[in-house]
Amino acid sequence: MADFGFTVGTVLDNGLGRTGVINTPHGPIKTPAFIAVGTKATVKAVLPESVSELGAQAVLANAYHLYLQPGSDLVDEAGGLAAFMNWPGPTFTDSGGFQVMSLGVGFKKVLAMDATGLANDDVIAEGKNRLAHVDDDGVTFTSHLNGDRHRFTPEVSMQIQHQLGADIMFAFDECTTLLNTRGYQERSLARTQAWAVRCLDEHARLTAERVGKPYQALFGVVQGAQYEDLRRKAARDLAELETSGQSFDGFGIGGALEKENLGTIVGWVCSELPVDKPRHLLGISEPDDFFAAIEAGADTFDCVMPSRVARNAAIYTLDGRFNVNTAANRRNFAPLDAECDCYTCANYSRAYLHHLFKAKEMLASTLATIHNERFTVRLVDDIRASIEEGRFAEFKAAFLGRFYSSAR
């Protein structure tokens, strides 16, 4: 385990927010850090070399999708995820639990961050058929690609992720929604805790079996929805867990979170977790969420949103978000953001991006994604610098005041 470790740097006055460094076999990650999402071993529309050039320190790929296509055994044969996709730095893989749930019940890939609606343990998107069925041993699901039936258990998830070879991977968990009842959340938490034990046992077995491979860090995933007692209990239980001589190397904070309470919930969890292990918040990318989560103690983040909205012509700037395919940009020869240092802003105009989107050219997605990913990576880098320099509160007020001052 010598190849993996975490060192805390500067800590905010609240004792939770901090900077640090995660050391991995493929290099260090300075935290806080945004981890670019390369779901199928690619950040959509962008070369891995470009992802590196825009400042991303690591990428996260999806175990569920890579298991279905091309197969984790093939990735293993290629030398692991980093070698397969020609990525020089650290890699993460998620467990597949979120995708089994979100695709299995027909939700959009980003779950709603509010609890509106009646509690319902059989919640499913309107007009969709249930593709996944959870039991205490694992999940049986139907492939969204071809209808084949598959079975994920904690052991299977660990086997897939070991074959993918990421530096950091996550324990298999059940991701609930904010609409599930309190009783179901309690039962699900017990199930996720039992699965965590099985993940650690299988992780220890595979680590011993795959002699000569770099050590892969395993993060436990804290669930508990919007309930303080459940979140705190889940964090304590995972932090104390040790089996087969193995404990978790870090922790993920998962599940659907109420946006207005995101910082509060992250704070509950981080105050229960050990300070000497990193914490990854799964699936956020909006500027106000970054500031809230970092202040509450989260170290790393991932989200598909910067690249997804880019493919729909939505552009992040210091003055907020705007759509470059609107008529106002047809003859605008300024860059997307005059204060951005990305490749796109250095070389191309809003008018050109407007043309590409209207012409449905693939280059539109590439250039817009480079910009949005750079904007997001740079924001988190700037937050890290503000903590190190003792000006976090001032930077937060100035950035958010400008970004949310007007709709564009």
# chains A, B, ... in the order shown; residues from 1 in each chain; ligands from 1
$ closest_atom_pairs --of "range 21-95 of chain A" --to "range 381-395 of chain A" --cutoff "12 Å" --atoms "only C-alpha atoms" --output "tab-separated table"
residue	atom	partner	partner_atom	distance
A:Val21	CA	A:Arg384	CA	11.1
A:Ile29	CA	A:Asp381	CA	11.2
A:Lys30	CA	A:Arg384	CA	8.5
A:Thr31	CA	A:Arg384	CA	6.8
A:Pro32	CA	A:Arg384	CA	5.7
A:Ala33	CA	A:Asp381	CA	6.6
A:Phe34	CA	A:Asp381	CA	8.2
A:Ile35	CA	A:Asp381	CA	11.4
A:Leu54	CA	A:Asp381	CA	11.8
A:Gly55	CA	A:Asp381	CA	9.1
A:Ala56	CA	A:Asp381	CA	9.8
A:Gln57	CA	A:Asp381	CA	10.4
$ write_last_selection --atoms "N, CA and C atoms" --output "CSV table (one decimal), in the first residue's frame"
chain,number,residue,atom,x,y,z
A,21,VAL,N,-2.8,16.3,-0.6
A,21,VAL,CA,-2.3,15.6,-1.8
A,21,VAL,C,-2.6,14.1,-1.6
A,29,ILE,N,-2.3,13.7,-6.8
A,29,ILE,CA,-3.5,14.6,-7.1
A,29,ILE,C,-3.6,15.7,-6.0
A,30,LYS,N,-3.4,16.9,-6.4
A,30,LYS,CA,-3.5,18.0,-5.4
A,30,LYS,C,-5.0,18.3,-5.2
A,31,THR,N,-5.4,18.3,-3.9
A,31,THR,CA,-6.8,18.5,-3.6
A,31,THR,C,-7.0,19.8,-2.9
A,32,PRO,N,-8.3,20.4,-3.0
A,32,PRO,CA,-9.4,19.9,-3.8
A,32,PRO,C,-9.1,19.8,-5.3
A,33,ALA,N,-9.8,18.8,-5.9
A,33,ALA,CA,-9.6,18.6,-7.4
A,33,ALA,C,-10.9,18.1,-8.0
A,34,PHE,N,-11.1,18.6,-9.2
A,34,PHE,CA,-12.2,18.1,-10.0
A,34,PHE,C,-11.7,17.0,-10.9
A,35,ILE,N,-12.3,15.8,-10.9
A,35,ILE,CA,-11.9,14.6,-11.6
A,35,ILE,C,-12.8,14.6,-12.9
A,54,LEU,N,-5.6,20.7,-20.5
A,54,LEU,CA,-6.5,21.6,-19.9
A,54,LEU,C,-6.4,21.6,-18.3
A,55,GLY,N,-5.6,20.7,-17.8
A,55,GLY,CA,-5.3,20.7,-16.4
A,55,GLY,C,-5.9,19.7,-15.5
A,56,ALA,N,-6.7,18.8,-16.1
A,56,ALA,CA,-7.2,17.7,-15.3
A,56,ALA,C,-6.1,16.8,-14.7
A,57,GLN,N,-6.2,16.5,-13.5
A,57,GLN,CA,-5.2,15.7,-12.8
A,57,GLN,C,-5.5,14.2,-12.9
$ closest_residue --among "A:Thr153, A:Asn372, A:Thr93, A:Asn329" --to "Ala63 in chain A" --atoms "only C-alpha atoms"
A:Thr93
$ residues_around --residues "Ser349 in chain A" --least-positions-apart "6" --cutoff "6 Å" --atoms "only C-alpha atoms" --output "ChimeraX atom specification"
/A:333-335
$ write_last_selection --atoms "N, CA and C atoms" --output "CSV table (one decimal), in the first residue's frame"
chain,number,residue,atom,x,y,z
A,333,PHE,N,-17.4,38.0,-32.5
A,333,PHE,CA,-16.1,37.4,-32.7
A,333,PHE,C,-15.2,37.4,-31.5
A,334,ALA,N,-15.8,37.7,-30.3
A,334,ALA,CA,-15.0,37.6,-29.1
A,334,ALA,C,-14.9,36.1,-28.7
A,335,PRO,N,-13.9,35.8,-27.8
A,335,PRO,CA,-13.9,34.4,-27.3
A,335,PRO,C,-15.0,34.1,-26.4
$ atom_distance --atom1 "CA of Leu356 in chain A" --atom2 "CA of Thr344 in chain A"
13.0 Å
$ residues_around --residues "Pro28 in chain A" --least-positions-apart "2" --cutoff "12 Å" --atoms "only C-alpha atoms" --output "list in words"
Asp3, Phe4, Gly5, Phe6, Thr7, Gly20, Val21, Ile22, Asn23, Thr24, Pro25, His26, Lys30, Thr31, Ala33, Ala56, Gln57, Ala58, Pro88, Gly89, Pro90, Thr91 and Asp167 of chain A
$ select_by_dssp --residues "range 154-275 of chain A" --states "strand (DSSP E or B)" --output "PyMOL selection string"
chain A and resi 168-170+217-222+242-243+246-247+250-253
$ select_by_dssp --residues "range 22-116 of chain A" --states "helix (DSSP H, G or I)" --output "ChimeraX atom specification"
/A:48-53,63-68,72-77,81-84,97-104
$ residues_around --residues "Gln246 in chain A" --least-positions-apart "5" --cutoff "9 Å" --atoms "only C-alpha atoms" --output "ChimeraX atom specification"
/A:200-201,203-204,241
$ write_last_selection --atoms "C-alpha atoms" --output "compact mmCIF listing (two decimals), in the first residue's frame"
# COMPACT_ATOMS: atom_id res chain seq x y z
CA LEU A 200 -13.13 -5.42 1.48
CA ASP A 201 -12.81 -9.21 1.70
CA HIS A 203 -10.46 -6.64 -2.50
CA ALA A 204 -7.97 -8.22 -0.09
CA LEU A 241 -14.70 -1.31 9.37
$ atom_distance --atom1 "CA of Cys342 in chain A" --atom2 "CA of Phe301 in chain A"
20.7 Å
$ atom_distance --atom1 "CA of Ser365 in chain A" --atom2 "CA of Ala351 in chain A"
14.6 Å
$ closest_residue --among "A:Phe251, A:Tyr215, A:Phe172, A:Phe290" --to "Arg378 in chain A" --atoms "only C-alpha atoms"
A:Phe290
$ closest_atom_pairs --of "range 281-370 of chain A" --to "range 253-260 of chain A" --cutoff "12 Å" --atoms "only C-alpha atoms" --output "Markdown table"
| residue | atom | partner | partner_atom | distance |
| --- | --- | --- | --- | --- |
| A:Leu281 | CA | A:Ile253 | CA | 4.8 |
| A:Leu282 | CA | A:Gly254 | CA | 5.6 |
| A:Gly283 | CA | A:Gly254 | CA | 8.1 |
| A:Ile284 | CA | A:Lys259 | CA | 9.8 |
| A:Ser285 | CA | A:Lys259 | CA | 11.7 |
| A:Glu286 | CA | A:Lys259 | CA | 10.3 |
| A:Asp288 | CA | A:Lys259 | CA | 9.7 |
| A:Asp289 | CA | A:Lys259 | CA | 7.7 |
| A:Phe290 | CA | A:Lys259 | CA | 11.4 |
| A:Ala292 | CA | A:Glu260 | CA | 9.8 |
| A:Ala293 | CA | A:Ile253 | CA | 10.5 |
| A:Ala296 | CA | A:Ile253 | CA | 12.0 |
| A:Gly297 | CA | A:Ile253 | CA | 10.9 |
| A:Ala298 | CA | A:Ile253 | CA | 8.5 |
| A:Asp299 | CA | A:Ile253 | CA | 10.6 |
| A:Thr300 | CA | A:Ile253 | CA | 10.3 |
| A:Phe301 | CA | A:Ile253 | CA | 9.7 |
| A:Asp302 | CA | A:Ile253 | CA | 11.3 |
